[in-house]
$ cat structure-v6.cif   # mmCIF, C-alpha atoms and all ligand atoms
data_work
#
loop_
_atom_site.group_PDB
_atom_site.id
_atom_site.type_symbol
_atom_site.label_atom_id
_atom_site.label_comp_id
_atom_site.auth_asym_id
_atom_site.auth_seq_id
_atom_site.Cartn_x
_atom_site.Cartn_y
_atom_site.Cartn_z
ATOM 1 C CA MET A 1 -40.669 -106.399 -29.468
ATOM 2 C CA GLU A 2 -38.444 -106.241 -32.494
ATOM 3 C CA VAL A 3 -40.211 -104.529 -35.390
ATOM 4 C CA VAL A 4 -38.618 -105.067 -38.794
ATOM 5 C CA ILE A 5 -40.086 -103.183 -41.741
ATOM 6 C CA LEU A 6 -39.181 -104.432 -45.197
ATOM 7 C CA LYS A 7 -40.054 -103.180 -48.660
ATOM 8 C CA ASN A 8 -42.468 -105.882 -49.737
ATOM 9 C CA SER A 9 -43.960 -109.278 -48.984
ATOM 10 C CA ASP A 10 -41.163 -111.085 -50.840
ATOM 11 C CA GLN A 11 -38.599 -109.617 -48.513
ATOM 12 C CA VAL A 12 -40.741 -110.541 -45.514
ATOM 13 C CA ALA A 13 -40.835 -114.167 -46.693
ATOM 14 C CA GLN A 14 -37.103 -114.179 -47.379
ATOM 15 C CA TYR A 15 -36.239 -112.735 -43.979
ATOM 16 C CA ALA A 16 -38.536 -115.231 -42.238
ATOM 17 C CA ALA A 17 -37.110 -118.167 -44.217
ATOM 18 C CA GLU A 18 -33.596 -117.141 -43.225
ATOM 19 C CA LEU A 19 -34.565 -117.096 -39.548
ATOM 20 C CA VAL A 20 -36.177 -120.541 -39.807
ATOM 21 C CA GLY A 21 -33.173 -121.824 -41.772
ATOM 22 C CA THR A 22 -30.725 -120.510 -39.163
ATOM 23 C CA LEU A 23 -32.694 -122.290 -36.447
ATOM 24 C CA LEU A 24 -32.801 -125.581 -38.353
ATOM 25 C CA LYS A 25 -29.070 -125.466 -38.970
ATOM 26 C CA SER A 26 -28.300 -124.964 -35.278
ATOM 27 C CA ARG A 27 -31.027 -127.302 -34.043
ATOM 28 C CA SER A 28 -32.027 -130.010 -36.475
ATOM 29 C CA ASP A 29 -34.678 -131.350 -34.069
ATOM 30 C CA ALA A 30 -36.355 -127.984 -33.558
ATOM 31 C CA VAL A 31 -40.033 -127.749 -32.676
ATOM 32 C CA LEU A 32 -41.737 -125.354 -35.069
ATOM 33 C CA GLY A 33 -45.162 -123.774 -34.701
ATOM 34 C CA PHE A 34 -46.896 -123.192 -38.016
ATOM 35 C CA ALA A 35 -49.700 -120.889 -39.099
ATOM 36 C CA THR A 36 -52.029 -121.059 -42.081
ATOM 37 C CA GLY A 37 -53.674 -118.295 -44.104
ATOM 38 C CA SER A 38 -52.366 -116.472 -47.154
ATOM 39 C CA THR A 39 -49.532 -114.614 -45.440
ATOM 40 C CA PRO A 40 -47.138 -117.510 -44.694
ATOM 41 C CA LEU A 41 -47.538 -119.119 -48.142
ATOM 42 C CA ALA A 42 -44.512 -117.287 -49.541
ATOM 43 C CA LEU A 43 -42.465 -118.361 -46.519
ATOM 44 C CA TYR A 44 -43.411 -122.007 -47.090
ATOM 45 C CA GLN A 45 -42.474 -121.712 -50.770
ATOM 46 C CA ARG A 46 -39.046 -120.468 -49.764
ATOM 47 C CA LEU A 47 -38.597 -123.221 -47.205
ATOM 48 C CA VAL A 48 -39.446 -125.787 -49.886
ATOM 49 C CA ALA A 49 -36.921 -124.179 -52.249
ATOM 50 C CA ASP A 50 -34.247 -124.161 -49.524
ATOM 51 C CA TYR A 51 -34.972 -127.822 -48.819
ATOM 52 C CA GLN A 52 -34.747 -128.681 -52.519
ATOM 53 C CA ALA A 53 -31.442 -126.818 -52.726
ATOM 54 C CA GLY A 54 -30.123 -128.993 -49.886
ATOM 55 C CA LYS A 55 -29.777 -126.056 -47.503
ATOM 56 C CA ILE A 56 -32.191 -127.290 -44.832
ATOM 57 C CA SER A 57 -33.832 -130.498 -43.713
ATOM 58 C CA PHE A 58 -36.973 -131.171 -41.703
ATOM 59 C CA LYS A 59 -36.161 -134.842 -41.060
ATOM 60 C CA THR A 60 -36.088 -134.530 -37.289
ATOM 61 C CA VAL A 61 -38.340 -131.494 -36.934
ATOM 62 C CA THR A 62 -41.572 -131.642 -34.940
ATOM 63 C CA SER A 63 -44.357 -129.207 -35.731
ATOM 64 C CA PHE A 64 -47.527 -127.941 -34.112
ATOM 65 C CA ASN A 65 -50.115 -125.976 -36.007
ATOM 66 C CA LEU A 66 -51.999 -123.140 -34.409
ATOM 67 C CA ASP A 67 -55.514 -124.123 -35.310
ATOM 68 C CA GLU A 68 -57.900 -126.342 -37.218
ATOM 69 C CA TYR A 69 -61.533 -126.038 -38.247
ATOM 70 C CA LEU A 70 -64.123 -128.023 -36.358
ATOM 71 C CA GLY A 71 -66.341 -130.260 -38.464
ATOM 72 C CA VAL A 72 -63.917 -130.417 -41.380
ATOM 73 C CA ALA A 73 -62.312 -133.822 -41.943
ATOM 74 C CA PRO A 74 -58.510 -133.893 -42.267
ATOM 75 C CA ASP A 75 -58.718 -135.030 -45.892
ATOM 76 C CA ASN A 76 -61.063 -132.164 -46.833
ATOM 77 C CA PRO A 77 -58.993 -129.742 -48.952
ATOM 78 C CA GLN A 78 -60.265 -126.894 -46.714
ATOM 79 C CA SER A 79 -58.749 -128.385 -43.554
ATOM 80 C CA TYR A 80 -55.593 -126.845 -42.214
ATOM 81 C CA ARG A 81 -54.099 -130.346 -42.199
ATOM 82 C CA SER A 82 -54.603 -130.455 -45.983
ATOM 83 C CA TYR A 83 -53.184 -126.945 -46.327
ATOM 84 C CA MET A 84 -50.009 -127.899 -44.434
ATOM 85 C CA ASN A 85 -49.571 -131.147 -46.371
ATOM 86 C CA ARG A 86 -50.055 -129.336 -49.663
ATOM 87 C CA GLU A 87 -48.000 -126.213 -48.992
ATOM 88 C CA LEU A 88 -45.124 -127.704 -47.004
ATOM 89 C CA PHE A 89 -45.139 -131.208 -45.549
ATOM 90 C CA ASP A 90 -45.578 -133.136 -48.830
ATOM 91 C CA GLN A 91 -42.746 -131.167 -50.389
ATOM 92 C CA VAL A 92 -40.068 -131.605 -47.723
ATOM 93 C CA ASP A 93 -38.593 -134.526 -45.773
ATOM 94 C CA ILE A 94 -40.578 -134.004 -42.568
ATOM 95 C CA ASP A 95 -41.926 -137.157 -40.908
ATOM 96 C CA LYS A 96 -45.683 -136.548 -40.893
ATOM 97 C CA GLN A 97 -45.957 -138.562 -37.672
ATOM 98 C CA ASN A 98 -44.223 -135.617 -36.043
ATOM 99 C CA THR A 99 -46.609 -132.984 -37.395
ATOM 100 C CA PHE A 100 -49.533 -132.058 -35.184
ATOM 101 C CA VAL A 101 -52.711 -130.118 -35.864
ATOM 102 C CA PRO A 102 -55.393 -129.598 -33.181
ATOM 103 C CA ALA A 103 -57.956 -131.651 -35.074
ATOM 104 C CA CYS A 104 -61.094 -132.768 -33.256
ATOM 105 C CA ARG A 105 -63.031 -135.626 -34.796
ATOM 106 C CA ASP A 106 -66.826 -135.688 -34.592
ATOM 107 C CA ASN A 107 -66.874 -138.256 -31.776
ATOM 108 C CA GLU A 108 -64.221 -136.493 -29.711
ATOM 109 C CA ASN A 109 -64.756 -134.046 -26.888
ATOM 110 C CA PRO A 110 -63.067 -130.747 -27.879
ATOM 111 C CA HIS A 111 -62.132 -130.090 -24.260
ATOM 112 C CA ASP A 112 -60.173 -133.365 -24.114
ATOM 113 C CA VAL A 113 -58.589 -132.658 -27.491
ATOM 114 C CA GLY A 114 -57.447 -129.255 -26.221
ATOM 115 C CA LEU A 115 -55.894 -130.739 -23.083
ATOM 116 C CA GLY A 116 -54.243 -133.460 -25.159
ATOM 117 C CA TYR A 117 -52.754 -130.916 -27.551
ATOM 118 C CA GLU A 118 -51.270 -128.939 -24.680
ATOM 119 C CA GLN A 119 -49.755 -132.154 -23.323
ATOM 120 C CA GLN A 120 -48.296 -133.052 -26.707
ATOM 121 C CA MET A 121 -46.645 -129.633 -26.957
ATOM 122 C CA ARG A 122 -45.207 -129.947 -23.469
ATOM 123 C CA GLY A 123 -44.073 -133.509 -24.195
ATOM 124 C CA ALA A 124 -42.161 -132.279 -27.238
ATOM 125 C CA GLY A 125 -40.325 -129.791 -25.028
ATOM 126 C CA GLY A 126 -42.374 -126.783 -26.112
ATOM 127 C CA VAL A 127 -42.323 -124.795 -29.334
ATOM 128 C CA ASP A 128 -38.972 -123.231 -30.220
ATOM 129 C CA LEU A 129 -40.225 -120.891 -32.926
ATOM 130 C CA GLN A 130 -43.862 -120.019 -33.520
ATOM 131 C CA VAL A 131 -44.797 -118.527 -36.889
ATOM 132 C CA LEU A 132 -47.858 -116.285 -36.691
ATOM 133 C CA GLY A 133 -50.047 -114.239 -38.992
ATOM 134 C CA ILE A 134 -52.545 -111.692 -37.738
ATOM 135 C CA GLY A 135 -56.224 -111.279 -38.492
ATOM 136 C CA ALA A 136 -57.560 -107.898 -39.601
ATOM 137 C CA ASN A 137 -59.263 -107.781 -36.188
ATOM 138 C CA GLY A 138 -56.004 -108.506 -34.329
ATOM 139 C CA HIS A 139 -56.561 -112.215 -33.795
ATOM 140 C CA ILE A 140 -53.689 -114.681 -33.546
ATOM 141 C CA GLY A 141 -54.488 -118.297 -34.302
ATOM 142 C CA PHE A 142 -58.257 -118.111 -33.982
ATOM 143 C CA ASN A 143 -58.147 -116.223 -30.698
ATOM 144 C CA GLU A 144 -60.750 -113.644 -31.534
ATOM 145 C CA PRO A 145 -61.042 -110.270 -29.759
ATOM 146 C CA SER A 146 -62.107 -110.776 -26.103
ATOM 147 C CA SER A 147 -60.305 -114.141 -25.888
ATOM 148 C CA SER A 148 -58.767 -114.716 -22.501
ATOM 149 C CA LEU A 149 -55.144 -113.680 -22.514
ATOM 150 C CA ARG A 150 -54.412 -116.829 -20.481
ATOM 151 C CA SER A 151 -56.346 -119.199 -22.720
ATOM 152 C CA ARG A 152 -55.169 -122.648 -23.745
ATOM 153 C CA THR A 153 -56.091 -124.829 -26.724
ATOM 154 C CA ARG A 154 -59.882 -124.906 -26.998
ATOM 155 C CA VAL A 155 -62.827 -124.235 -29.317
ATOM 156 C CA LYS A 156 -63.499 -120.694 -30.434
ATOM 157 C CA THR A 157 -66.437 -119.290 -32.349
ATOM 158 C CA LEU A 158 -65.231 -117.223 -35.293
ATOM 159 C CA THR A 159 -66.367 -113.620 -35.521
ATOM 160 C CA ARG A 160 -68.493 -112.444 -38.412
ATOM 161 C CA GLN A 161 -65.536 -110.375 -39.606
ATOM 162 C CA THR A 162 -63.238 -113.410 -39.682
ATOM 163 C CA LEU A 163 -65.876 -115.430 -41.526
ATOM 164 C CA GLN A 164 -66.214 -112.598 -44.021
ATOM 165 C CA ASP A 165 -62.422 -112.223 -44.395
ATOM 166 C CA ASN A 166 -61.993 -115.956 -45.014
ATOM 167 C CA SER A 167 -65.070 -116.385 -47.221
ATOM 168 C CA ARG A 168 -62.869 -115.715 -50.260
ATOM 169 C CA LEU A 169 -61.376 -119.165 -49.722
ATOM 170 C CA PHE A 170 -64.712 -120.992 -49.918
ATOM 171 C CA ALA A 171 -66.935 -121.606 -52.921
ATOM 172 C CA ARG A 172 -70.389 -120.030 -52.826
ATOM 173 C CA ASP A 173 -72.267 -123.144 -51.704
ATOM 174 C CA GLU A 174 -69.410 -124.720 -49.762
ATOM 175 C CA PHE A 175 -69.678 -125.295 -46.002
ATOM 176 C CA GLN A 176 -67.687 -122.629 -44.163
ATOM 177 C CA PRO A 177 -66.951 -123.650 -40.590
ATOM 178 C CA LYS A 178 -67.848 -121.212 -37.832
ATOM 179 C CA LEU A 179 -65.940 -123.010 -35.089
ATOM 180 C CA ALA A 180 -62.288 -123.897 -34.764
ATOM 181 C CA MET A 181 -59.882 -125.462 -32.297
ATOM 182 C CA THR A 182 -57.060 -123.057 -31.644
ATOM 183 C CA MET A 183 -54.001 -122.863 -29.458
ATOM 184 C CA GLY A 184 -54.809 -120.367 -26.736
ATOM 185 C CA ILE A 185 -53.036 -117.102 -26.181
ATOM 186 C CA ALA A 186 -51.055 -118.551 -23.262
ATOM 187 C CA SER A 187 -50.138 -121.572 -25.411
ATOM 188 C CA ILE A 188 -48.737 -119.233 -28.085
ATOM 189 C CA MET A 189 -46.891 -117.175 -25.480
ATOM 190 C CA ASP A 190 -45.091 -120.326 -24.262
ATOM 191 C CA ALA A 191 -43.078 -120.459 -27.504
ATOM 192 C CA ARG A 192 -39.453 -119.496 -26.960
ATOM 193 C CA LYS A 193 -39.484 -117.247 -29.993
ATOM 194 C CA ILE A 194 -42.334 -115.697 -31.951
ATOM 195 C CA LEU A 195 -42.158 -114.606 -35.557
ATOM 196 C CA LEU A 196 -45.253 -112.714 -36.697
ATOM 197 C CA LEU A 197 -45.630 -111.859 -40.387
ATOM 198 C CA ALA A 198 -48.038 -109.226 -41.657
ATOM 199 C CA THR A 199 -48.313 -107.907 -45.195
ATOM 200 C CA GLY A 200 -50.732 -105.646 -47.030
ATOM 201 C CA ALA A 201 -52.722 -102.543 -46.153
ATOM 202 C CA GLY A 202 -55.598 -104.606 -44.764
ATOM 203 C CA LYS A 203 -53.452 -105.425 -41.737
ATOM 204 C CA ALA A 204 -52.225 -101.880 -41.013
ATOM 205 C CA GLY A 205 -54.838 -101.139 -38.322
ATOM 206 C CA ALA A 206 -54.369 -104.447 -36.481
ATOM 207 C CA VAL A 207 -50.586 -104.090 -36.684
ATOM 208 C CA ALA A 208 -50.682 -100.588 -35.166
ATOM 209 C CA ASP A 209 -52.966 -101.826 -32.369
ATOM 210 C CA MET A 210 -50.692 -104.801 -31.723
ATOM 211 C CA ILE A 211 -47.477 -102.805 -31.491
ATOM 212 C CA GLU A 212 -48.520 -99.373 -30.272
ATOM 213 C CA GLY A 213 -51.955 -99.861 -28.766
ATOM 214 C CA PRO A 214 -52.772 -100.848 -25.209
ATOM 215 C CA LEU A 215 -52.406 -104.446 -24.082
ATOM 216 C CA THR A 216 -55.966 -105.655 -24.393
ATOM 217 C CA ALA A 217 -57.947 -108.793 -25.099
ATOM 218 C CA MET A 218 -59.732 -106.733 -27.763
ATOM 219 C CA CYS A 219 -56.518 -106.989 -29.802
ATOM 220 C CA PRO A 220 -55.245 -110.470 -28.905
ATOM 221 C CA ALA A 221 -51.967 -109.896 -30.773
ATOM 222 C CA SER A 222 -51.147 -107.046 -28.351
ATOM 223 C CA ILE A 223 -50.151 -109.768 -25.851
ATOM 224 C CA LEU A 224 -46.941 -110.061 -27.867
ATOM 225 C CA GLN A 225 -45.850 -106.849 -26.139
ATOM 226 C CA MET A 226 -45.303 -109.164 -23.159
ATOM 227 C CA HIS A 227 -43.171 -111.710 -25.040
ATOM 228 C CA GLU A 228 -39.464 -111.538 -24.463
ATOM 229 C CA HIS A 229 -38.510 -112.633 -27.970
ATOM 230 C CA ALA A 230 -41.113 -111.514 -30.486
ATOM 231 C CA THR A 231 -40.076 -110.356 -33.942
ATOM 232 C CA ILE A 232 -42.686 -108.626 -36.083
ATOM 233 C CA LEU A 233 -41.920 -108.688 -39.816
ATOM 234 C CA LEU A 234 -43.888 -106.160 -41.846
ATOM 235 C CA ASP A 235 -44.011 -104.900 -45.373
ATOM 236 C CA GLU A 236 -44.419 -101.172 -45.987
ATOM 237 C CA GLN A 237 -48.193 -101.405 -46.323
ATOM 238 C CA ALA A 238 -48.751 -103.319 -43.122
ATOM 239 C CA ALA A 239 -46.472 -100.827 -41.339
ATOM 240 C CA SER A 240 -48.303 -97.795 -42.718
ATOM 241 C CA GLY A 241 -50.350 -97.139 -39.547
ATOM 242 C CA LEU A 242 -47.380 -97.067 -37.163
ATOM 243 C CA GLN A 243 -46.617 -93.755 -35.460
ATOM 244 C CA ASN A 244 -43.226 -94.744 -34.166
ATOM 245 C CA ARG A 245 -41.947 -95.899 -37.521
ATOM 246 C CA ASP A 246 -38.713 -93.889 -37.533
ATOM 247 C CA TYR A 247 -37.681 -95.396 -34.244
ATOM 248 C CA TYR A 248 -38.061 -98.999 -35.463
ATOM 249 C CA ASP A 249 -35.857 -98.339 -38.482
ATOM 250 C CA TRP A 250 -33.308 -96.496 -36.361
ATOM 251 C CA ALA A 251 -33.261 -99.268 -33.727
ATOM 252 C CA ASN A 252 -32.672 -101.880 -36.430
ATOM 253 C CA VAL A 253 -29.634 -100.032 -37.700
ATOM 254 C CA GLN A 254 -28.274 -100.023 -34.128
ATOM 255 C CA ASN A 255 -29.117 -103.701 -33.669
ATOM 256 C CA GLU A 256 -27.298 -104.640 -36.841
ATOM 257 C CA SER A 257 -24.154 -102.874 -35.718
ATOM 258 C CA LEU A 258 -24.417 -104.475 -32.266
ATOM 259 C CA GLN A 259 -24.769 -107.864 -33.939
ATOM 260 C CA ASP A 260 -21.725 -107.208 -36.098
ATOM 261 C CA ARG A 261 -19.728 -106.528 -32.942
ATOM 262 C CA PHE A 262 -21.108 -109.139 -30.568
ATOM 263 C CA GLY A 263 -22.985 -111.681 -32.715
ATOM 264 C CA LEU A 264 -26.559 -112.648 -31.919
ATOM 265 C CA LEU A 265 -27.391 -110.764 -28.731
ATOM 266 C CA ALA A 266 -30.038 -113.066 -27.355
ATOM 267 C CA ASP A 267 -30.706 -116.624 -28.438
ATOM 268 C CA PRO A 268 -33.887 -117.736 -26.686
ATOM 269 C CA ILE A 269 -33.652 -121.187 -28.189
ATOM 270 C CA GLY A 270 -30.013 -121.867 -27.331
ATOM 271 C CA SER A 271 -28.085 -124.810 -28.631
HETATM 272 C C1 LIG B 301 -56.744 -116.933 -40.193
HETATM 273 C C2 LIG B 301 -55.913 -117.829 -39.257
HETATM 274 C C3 LIG B 301 -54.751 -117.089 -38.665
HETATM 275 C C4 LIG B 301 -54.175 -116.188 -39.737
HETATM 276 C C5 LIG B 301 -55.146 -115.081 -40.025
HETATM 277 C C6 LIG B 301 -54.742 -114.187 -41.176
HETATM 278 O O1 LIG B 301 -58.081 -116.996 -40.075
HETATM 279 N N1 LIG B 301 -56.600 -118.513 -38.227
HETATM 280 O O2 LIG B 301 -53.781 -118.003 -38.166
HETATM 281 O O3 LIG B 301 -52.974 -115.611 -39.284
HETATM 282 O O4 LIG B 301 -56.458 -115.550 -40.152
HETATM 283 O O5 LIG B 301 -54.870 -114.829 -42.396
HETATM 284 P P1 LIG B 301 -54.251 -114.277 -43.744
HETATM 285 O O6 LIG B 301 -52.783 -114.515 -43.645
HETATM 286 O O7 LIG B 301 -54.895 -115.098 -44.809
HETATM 287 O O8 LIG B 301 -54.584 -112.856 -43.814
#

$ encode --input "structure-v6.cif" --output "structure tokens" --more "lines below"
Ligand code: GLP
Amino acid sequence: MEVVILKNSDQVAQYAAELVGTLLKSRSDAVLGFATGSTPLALYQRLVADYQAGKISFKTVTSFNLDEYLGVAPDNPQSYRSYMNRELFDQVDIDKQNTFVPACRDNENPHDVGLGYEQQMRGAGGVDLQVLGIGANGHIGFNEPSSSLRSRTRVKTLTRQTLQDNSRLFARDEFQPKLAMTMGIASIMDARKILLLATGAGKAGAVADMIEGPLTAMCPASILQMHEHATILLDEQAASGLQNRDYYDWANVQNESLQDRFGLLADPIGS
């Protein structure tokens, strides 16, 4: 695990946008995994700005989103499809035919939709770079605590804490979905590279459990300890519960000097 601690959420977004930009420049047909939530919004704003400045293009990019609410139509502003269109897809040159969200229509069997989504990801050659956020309870995607560490795309019931955390995004009398389709933990782990972003004090506990706690289904993000190429980007607040903080900073100084001498040490995506 590479743990990078930056001053604030702006720097986290900038660092993440640079990594995505570097990938797109070396592989214009990259397969990107996208997350929703508040955390990646600043990253998407930077990607839009970089696209507008002519630095990057999404023309031949394929994307897979982590999750989607069940019982929320794609054109509902609360759907993650709407979120992605609004925050990124409508503002860049991506071909929407190549953007996938694990949406399950009312007449569809969620089990079949899950299998189909896994097939689509495999058919696209797998995800090169998966962007992740983290829930305050350690979830990734909507893989709530106690999710199988080998799970694949399927329906999950949201915990009361997640419903409470996300209730800020729904009006008082608006329907708030309690079920969602989500990539499984094994699906996420298949990505060649993982980039998890966490900002704010509310994530400090989950971040400490993910990085320094035991590998356990009770903190689904702790599975990233088993990923060969996982980078965790944190702001100071999200990093505030880490005990090994000095080491991460020290290791990054060493990594930078190694990179200066030898270039990128490991490129999981290749060219
Ligand atoms: C949501 C999403 C996750 C997201 C997490 C944190 O419910 N399913 O993909 O990473 O919770 O969201 P936020 O970034 O808004 O804190």

$ atom_distance --input "structure-v6.cif" --atom1 "atom CA of Leu43 of chain A" --atom2 "atom CA of Leu233 of chain A"
11.8 Å

$ residues_near_ligand --input "structure-v6.cif" --ligand "ligand LIG 301 (chain B)" --cutoff "6 Å" --atoms "only C-alpha atoms and all ligand atoms" --output "PyMOL selection string"
chain A and resi 35-39+132-135+140-142

$ closest_residue --input "structure-v6.cif" --among "A:Asp165, A:Asp106, A:Asp67, A:Asp235" --to "Met183 of chain A" --atoms "all atoms listed in the file"
A:Asp67

$ resolve_selection --input "structure-v6.cif" --expression "the PyMOL selection byres (((chain A and resi 104) around 12) and not hetatm)" --output "ChimeraX atom specification"
/A:67-74,79,81,100-103,105-117,153-155,179-182

$ residues_around --input "structure-v6.cif" --residues "Val131 of chain A" --least-positions-apart "3" --cutoff "10 Å" --atoms "all atoms listed in the file" --output "number ranges by chain"
A: 16, 20, 32-36, 40, 43, 65-66, 188, 191, 193-197, 231

$ axis_aligned_box --input "structure-v6.cif" --around "segment 144-159 of chain A" --padding-each-side "5 Å" --output "lines of an AutoDock Vina configuration file"
center_x = -60.4
center_y = -117.6
center_z = -28.0
size_x = 22.0
size_y = 24.6
size_z = 25.0

$ resolve_selection --input "structure-v6.cif" --expression "the PyMOL selection byres (((chain A and resi 13) around 9) and not hetatm)" --output "PyMOL selection string"
chain A and resi 8-12+14-18+39-46+197+233

$ residues_around --input "structure-v6.cif" --residues "Ser57 of chain A" --least-positions-apart "3" --cutoff "10 Å" --atoms "all atoms listed in the file" --output "count of residues only"
16

$ decode --input "structure-v6.cif" --residues "segment 171-189 of chain A" --atoms "N, CA, C and O atoms" --output "PDB file, in the first residue's frame"
ATOM      1  N   ALA A 171     -33.905  15.083  -0.029  1.00  0.00           N
ATOM      2  CA  ALA A 171     -34.855  16.001   0.615  1.00  0.00           C
ATOM      3  C   ALA A 171     -35.652  15.213   1.652  1.00  0.00           C
ATOM      4  O   ALA A 171     -35.723  13.981   1.605  1.00  0.00           O
ATOM      5  N   ARG A 172     -36.263  15.917   2.564  1.00  0.00           N
ATOM      6  CA  ARG A 172     -36.966  15.316   3.697  1.00  0.00           C
ATOM      7  C   ARG A 172     -37.964  14.222   3.286  1.00  0.00           C
ATOM      8  O   ARG A 172     -37.990  13.142   3.845  1.00  0.00           O
ATOM      9  N   ASP A 173     -38.785  14.525   2.272  1.00  0.00           N
ATOM     10  CA  ASP A 173     -39.822  13.561   1.896  1.00  0.00           C
ATOM     11  C   ASP A 173     -39.453  12.771   0.629  1.00  0.00           C
ATOM     12  O   ASP A 173     -40.283  12.125   0.026  1.00  0.00           O
ATOM     13  N   GLU A 174     -38.192  12.842   0.256  1.00  0.00           N
ATOM     14  CA  GLU A 174     -37.754  12.136  -0.952  1.00  0.00           C
ATOM     15  C   GLU A 174     -37.454  10.672  -0.634  1.00  0.00           C
ATOM     16  O   GLU A 174     -36.975  10.360   0.463  1.00  0.00           O
ATOM     17  N   PHE A 175     -37.718   9.794  -1.603  1.00  0.00           N
ATOM     18  CA  PHE A 175     -37.416   8.369  -1.435  1.00  0.00           C
ATOM     19  C   PHE A 175     -35.899   8.167  -1.356  1.00  0.00           C
ATOM     20  O   PHE A 175     -35.164   8.594  -2.241  1.00  0.00           O
ATOM     21  N   GLN A 176     -35.450   7.546  -0.272  1.00  0.00           N
ATOM     22  CA  GLN A 176     -34.016   7.227  -0.171  1.00  0.00           C
ATOM     23  C   GLN A 176     -33.853   5.714  -0.268  1.00  0.00           C
ATOM     24  O   GLN A 176     -34.306   4.966   0.606  1.00  0.00           O
ATOM     25  N   PRO A 177     -33.208   5.261  -1.334  1.00  0.00           N
ATOM     26  CA  PRO A 177     -33.094   3.814  -1.533  1.00  0.00           C
ATOM     27  C   PRO A 177     -32.288   3.125  -0.435  1.00  0.00           C
ATOM     28  O   PRO A 177     -31.306   3.689   0.061  1.00  0.00           O
ATOM     29  N   LYS A 178     -32.719   1.915  -0.103  1.00  0.00           N
ATOM     30  CA  LYS A 178     -32.030   1.149   0.939  1.00  0.00           C
ATOM     31  C   LYS A 178     -31.250  -0.015   0.359  1.00  0.00           C
ATOM     32  O   LYS A 178     -30.566  -0.747   1.069  1.00  0.00           O
ATOM     33  N   LEU A 179     -31.388  -0.185  -0.964  1.00  0.00           N
ATOM     34  CA  LEU A 179     -30.689  -1.274  -1.654  1.00  0.00           C
ATOM     35  C   LEU A 179     -29.877  -0.684  -2.796  1.00  0.00           C
ATOM     36  O   LEU A 179     -30.253   0.328  -3.385  1.00  0.00           O
ATOM     37  N   ALA A 180     -28.792  -1.356  -3.112  1.00  0.00           N
ATOM     38  CA  ALA A 180     -27.978  -0.898  -4.249  1.00  0.00           C
ATOM     39  C   ALA A 180     -27.303  -2.096  -4.893  1.00  0.00           C
ATOM     40  O   ALA A 180     -27.031  -3.107  -4.234  1.00  0.00           O
ATOM     41  N   MET A 181     -27.055  -1.975  -6.210  1.00  0.00           N
ATOM     42  CA  MET A 181     -26.166  -2.928  -6.880  1.00  0.00           C
ATOM     43  C   MET A 181     -24.765  -2.378  -6.698  1.00  0.00           C
ATOM     44  O   MET A 181     -24.547  -1.179  -6.882  1.00  0.00           O
ATOM     45  N   THR A 182     -23.842  -3.241  -6.357  1.00  0.00           N
ATOM     46  CA  THR A 182     -22.463  -2.763  -6.219  1.00  0.00           C
ATOM     47  C   THR A 182     -21.482  -3.796  -6.740  1.00  0.00           C
ATOM     48  O   THR A 182     -21.706  -5.005  -6.600  1.00  0.00           O
ATOM     49  N   MET A 183     -20.414  -3.321  -7.365  1.00  0.00           N
ATOM     50  CA  MET A 183     -19.302  -4.231  -7.641  1.00  0.00           C
ATOM     51  C   MET A 183     -18.970  -4.903  -6.323  1.00  0.00           C
ATOM     52  O   MET A 183     -19.063  -4.287  -5.247  1.00  0.00           O
ATOM     53  N   GLY A 184     -18.548  -6.154  -6.384  1.00  0.00           N
ATOM     54  CA  GLY A 184     -18.142  -6.837  -5.160  1.00  0.00           C
ATOM     55  C   GLY A 184     -16.710  -6.476  -4.791  1.00  0.00           C
ATOM     56  O   GLY A 184     -16.029  -5.735  -5.512  1.00  0.00           O
ATOM     57  N   ILE A 185     -16.288  -7.014  -3.673  1.00  0.00           N
ATOM     58  CA  ILE A 185     -14.923  -6.724  -3.229  1.00  0.00           C
ATOM     59  C   ILE A 185     -13.907  -7.396  -4.167  1.00  0.00           C
ATOM     60  O   ILE A 185     -12.887  -6.799  -4.528  1.00  0.00           O
ATOM     61  N   ALA A 186     -14.222  -8.608  -4.617  1.00  0.00           N
ATOM     62  CA  ALA A 186     -13.309  -9.273  -5.562  1.00  0.00           C
ATOM     63  C   ALA A 186     -13.301  -8.531  -6.892  1.00  0.00           C
ATOM     64  O   ALA A 186     -12.251  -8.434  -7.541  1.00  0.00           O
ATOM     65  N   SER A 187     -14.464  -8.002  -7.304  1.00  0.00           N
ATOM     66  CA  SER A 187     -14.505  -7.247  -8.570  1.00  0.00           C
ATOM     67  C   SER A 187     -13.564  -6.040  -8.473  1.00  0.00           C
ATOM     68  O   SER A 187     -12.814  -5.744  -9.399  1.00  0.00           O
ATOM     69  N   ILE A 188     -13.626  -5.340  -7.346  1.00  0.00           N
ATOM     70  CA  ILE A 188     -12.780  -4.147  -7.156  1.00  0.00           C
ATOM     71  C   ILE A 188     -11.307  -4.557  -7.151  1.00  0.00           C
ATOM     72  O   ILE A 188     -10.457  -3.904  -7.758  1.00  0.00           O
ATOM     73  N   MET A 189     -11.027  -5.665  -6.487  1.00  0.00           N
ATOM     74  CA  MET A 189      -9.629  -6.119  -6.372  1.00  0.00           C
ATOM     75  C   MET A 189      -9.035  -6.536  -7.711  1.00  0.00           C
ATOM     76  O   MET A 189      -7.812  -6.639  -7.846  1.00  0.00           O
TER      77      MET A 189
END
